[in-house]
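Novice: Dropping a structure here in structure tokens format, bear with me for questions.
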Amino acid sequence: MRAPLVEDRYKNKKRDWDNPERTAVDGVNVQPAAVPVRSQEDTQDRQITVTVWNLQTPQGVDLDLLETDRIEFNGMTLEVDGKVGRWPDPFTGGVHHIEARLKEVS
């Protein structure tokens with residue numbers, strides 16, 4: 001899911017997650033990370049749980065994925081957490097595959 005940038009009443013740009021653009025993608029591998037859960041306190045001293053997932057495309061597949069996107073997977077909405085890794089293919093000069101860390105916050 002990719003949300004368009006809109007201006008709020010103070011002329012600040014923000015993502016409009018009420019109206020995201022959705023693109024269906026098949027064949028992507030999404031699995032829990034080796035250390036899939038971490039806890040932290042939010043700004044109001046409440047415990048929150050962050051579940052971490054890894055996304056990887058098959059060899060030769062470059063996915064149009066940005067660090068500001070979200071992924072819908074298995075009934076969850078996951079945020080891309082950090083930069084999307086695009087691994088080069090030394091033989092073709094293109095992208096071998098991409099990897100991204102995802103997080104679900106509850």
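In the structure tokens, the first chain shown is A, the next is B, and so on; residue numbers restart at 1 for each chain, and ligands run from 1 in the order shown.
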Give me, as a ChimeraX atom specification, all polymer residues having an atom no more than 10 Å from segment 82-96 of chain A, counting only C-alpha atoms and skipping those fewer than 2 positions away in the same chain.
Specialist: /A:55-68,79-80,98-103
Novice: Restricted to N, CA and C atoms, what would the selected residues look like written as a short mmCIF file (atom, residue, chain, number, x, y, z; two decimals), in the first residue's frame?
Specialist:
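part-v7.cif, freshly written:
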data_model
loop_
_atom_site.label_atom_id
_atom_site.label_comp_id
_atom_site.auth_asym_id
_atom_site.auth_seq_id
_atom_site.Cartn_x
_atom_site.Cartn_y
_atom_site.Cartn_z
N LEU A 55 10.74 -9.63 4.50
CA LEU A 55 10.19 -9.82 3.16
C LEU A 55 11.35 -10.03 2.21
N GLN A 56 11.22 -11.02 1.31
CA GLN A 56 12.23 -11.25 0.30
C GLN A 56 11.54 -11.66 -0.99
N THR A 57 12.02 -11.10 -2.10
CA THR A 57 11.48 -11.48 -3.41
C THR A 57 12.31 -12.63 -3.98
N PRO A 58 11.75 -13.37 -4.94
CA PRO A 58 12.53 -14.40 -5.61
C PRO A 58 13.66 -13.79 -6.45
N GLN A 59 14.60 -14.62 -6.83
CA GLN A 59 15.71 -14.18 -7.67
C GLN A 59 15.18 -13.55 -8.95
N GLY A 60 15.74 -12.37 -9.29
CA GLY A 60 15.37 -11.68 -10.52
C GLY A 60 14.15 -10.78 -10.40
N VAL A 61 13.56 -10.69 -9.21
CA VAL A 61 12.34 -9.89 -9.03
C VAL A 61 12.67 -8.62 -8.25
N ASP A 62 12.46 -7.48 -8.90
CA ASP A 62 12.60 -6.18 -8.26
C ASP A 62 11.20 -5.63 -8.02
N LEU A 63 10.84 -5.43 -6.79
CA LEU A 63 9.51 -4.98 -6.40
C LEU A 63 9.52 -3.47 -6.19
N ASP A 64 8.49 -2.78 -6.66
CA ASP A 64 8.37 -1.34 -6.44
C ASP A 64 7.93 -1.12 -5.00
N LEU A 65 8.90 -1.11 -4.09
CA LEU A 65 8.64 -0.98 -2.66
C LEU A 65 9.50 0.13 -2.10
N LEU A 66 8.86 1.04 -1.35
CA LEU A 66 9.55 2.17 -0.74
C LEU A 66 9.51 2.05 0.78
N GLU A 67 10.40 2.74 1.45
CA GLU A 67 10.45 2.67 2.92
C GLU A 67 9.22 3.32 3.57
N THR A 68 8.43 4.04 2.81
CA THR A 68 7.23 4.68 3.35
C THR A 68 5.97 3.85 3.08
N GLU A 79 4.31 -2.25 8.41
CA GLU A 79 5.02 -1.08 7.90
C GLU A 79 6.42 -1.49 7.49
N VAL A 80 6.91 -0.92 6.39
CA VAL A 80 8.31 -1.12 6.02
C VAL A 80 9.14 -0.39 7.06
N ILE A 98 15.17 -8.35 -3.67
CA ILE A 98 15.10 -7.30 -2.65
C ILE A 98 14.73 -7.92 -1.31
N GLU A 99 15.12 -7.22 -0.25
CA GLU A 99 14.78 -7.61 1.11
C GLU A 99 14.31 -6.37 1.85
N ALA A 100 13.33 -6.58 2.73
CA ALA A 100 12.85 -5.47 3.56
C ALA A 100 12.44 -6.01 4.92
N ARG A 101 12.67 -5.22 5.91
CA ARG A 101 12.22 -5.54 7.27
C ARG A 101 10.85 -4.88 7.44
N LEU A 102 9.94 -5.60 8.01
CA LEU A 102 8.57 -5.11 8.23
C LEU A 102 8.27 -5.16 9.71
N LYS A 103 7.35 -4.32 10.16
CA LYS A 103 6.95 -4.39 11.57
C LYS A 103 5.45 -4.23 11.71
#
Novice: Using only C-alpha atoms, which of A:Asp45, A:Asp26, A:Glu21, A:Asp8 sits nearest Arg70 of chain A?
Specialist: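 The closest residue to Arg70 of chain A is A:Glu21.
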Novice: Let me make sure I understand: among A:Ala34, A:Val52, A:Val6, A:Met76, which one has the smallest atom-to-atom distance to Asp18 of chain A if we use only C-alpha atoms?
Specialist: A:Val6
Novice: Using DSSP on the backbone, list every residue of chain A that comes out as strand (DSSP E or B), and give them as a VMD selection string.
Specialist: chain A and resid 2 5 to 7 13 to 15 21 29 to 41 47 to 56 70 to 73 76 to 80 85 to 88 95 to 105
Novice: What would the file look like if the residues just selected were written as a compact mmCIF listing (two decimals), in the first residue's frame with C-alpha atoms?
Specialist:
# COMPACT_ATOMS: atom_id res chain seq x y z
CA ARG A 2 1.28 3.44 -0.86
CA LEU A 5 1.11 12.88 0.19
CA VAL A 6 -1.45 15.50 1.18
CA GLU A 7 -1.22 18.83 2.98
CA LYS A 13 2.87 17.17 4.04
CA LYS A 14 1.65 13.86 5.46
CA ARG A 15 0.60 10.45 4.18
CA GLU A 21 -3.04 2.96 -3.58
CA ASN A 29 8.28 -14.53 0.83
CA VAL A 30 7.22 -13.03 4.20
CA GLN A 31 8.41 -14.75 7.39
CA PRO A 32 8.89 -13.88 11.06
CA ALA A 33 12.33 -12.46 11.82
CA ALA A 34 14.86 -14.51 13.81
CA VAL A 35 14.00 -12.34 16.84
CA PRO A 36 10.37 -11.63 15.88
CA VAL A 37 9.15 -9.63 18.91
CA ARG A 38 10.43 -6.70 20.90
CA SER A 39 8.75 -4.56 23.53
CA GLN A 40 9.16 -0.90 24.25
CA GLU A 41 7.34 1.89 26.01
CA GLN A 47 4.06 -1.27 26.87
CA ILE A 48 3.75 -1.89 23.16
CA THR A 49 4.76 -5.02 21.30
CA VAL A 50 6.47 -4.79 17.94
CA THR A 51 6.42 -7.95 15.80
CA VAL A 52 9.14 -8.03 13.15
CA TRP A 53 8.91 -9.78 9.77
CA ASN A 54 11.27 -10.18 6.80
CA LEU A 55 10.19 -9.82 3.16
CA GLN A 56 12.23 -11.25 0.30
CA ARG A 70 2.88 -0.67 4.05
CA ILE A 71 2.18 -4.32 3.30
CA GLU A 72 -1.05 -6.21 3.86
CA PHE A 73 -0.22 -9.84 4.66
CA MET A 76 -2.08 -7.83 9.15
CA THR A 77 -0.91 -4.41 8.06
CA LEU A 78 2.88 -4.19 8.27
CA GLU A 79 5.02 -1.08 7.90
CA VAL A 80 8.31 -1.12 6.02
CA GLY A 85 17.66 -3.58 0.28
CA ARG A 86 18.13 -4.13 -3.44
CA TRP A 87 20.81 -6.75 -3.99
CA PRO A 88 22.62 -6.46 -7.33
CA VAL A 95 18.58 -6.58 -9.24
CA HIS A 96 19.07 -10.12 -7.93
CA HIS A 97 16.35 -9.75 -5.25
CA ILE A 98 15.10 -7.30 -2.65
CA GLU A 99 14.78 -7.61 1.11
CA ALA A 100 12.85 -5.47 3.56
CA ARG A 101 12.22 -5.54 7.27
CA LEU A 102 8.57 -5.11 8.23
CA LYS A 103 6.95 -4.39 11.57
CA GLU A 104 3.53 -4.85 13.06
CA VAL A 105 2.86 -2.64 16.06
Novice: Between A:Gln44, A:Asn12, A:Met1, A:Asp81, which residue has the minimum interatomic distance to Val25 of chain A, considering only C-alpha atoms?
Specialist: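 Among A:Gln44, A:Asn12, A:Met1, A:Asp81, it is A:Met1 that comes nearest to Val25 of chain A.
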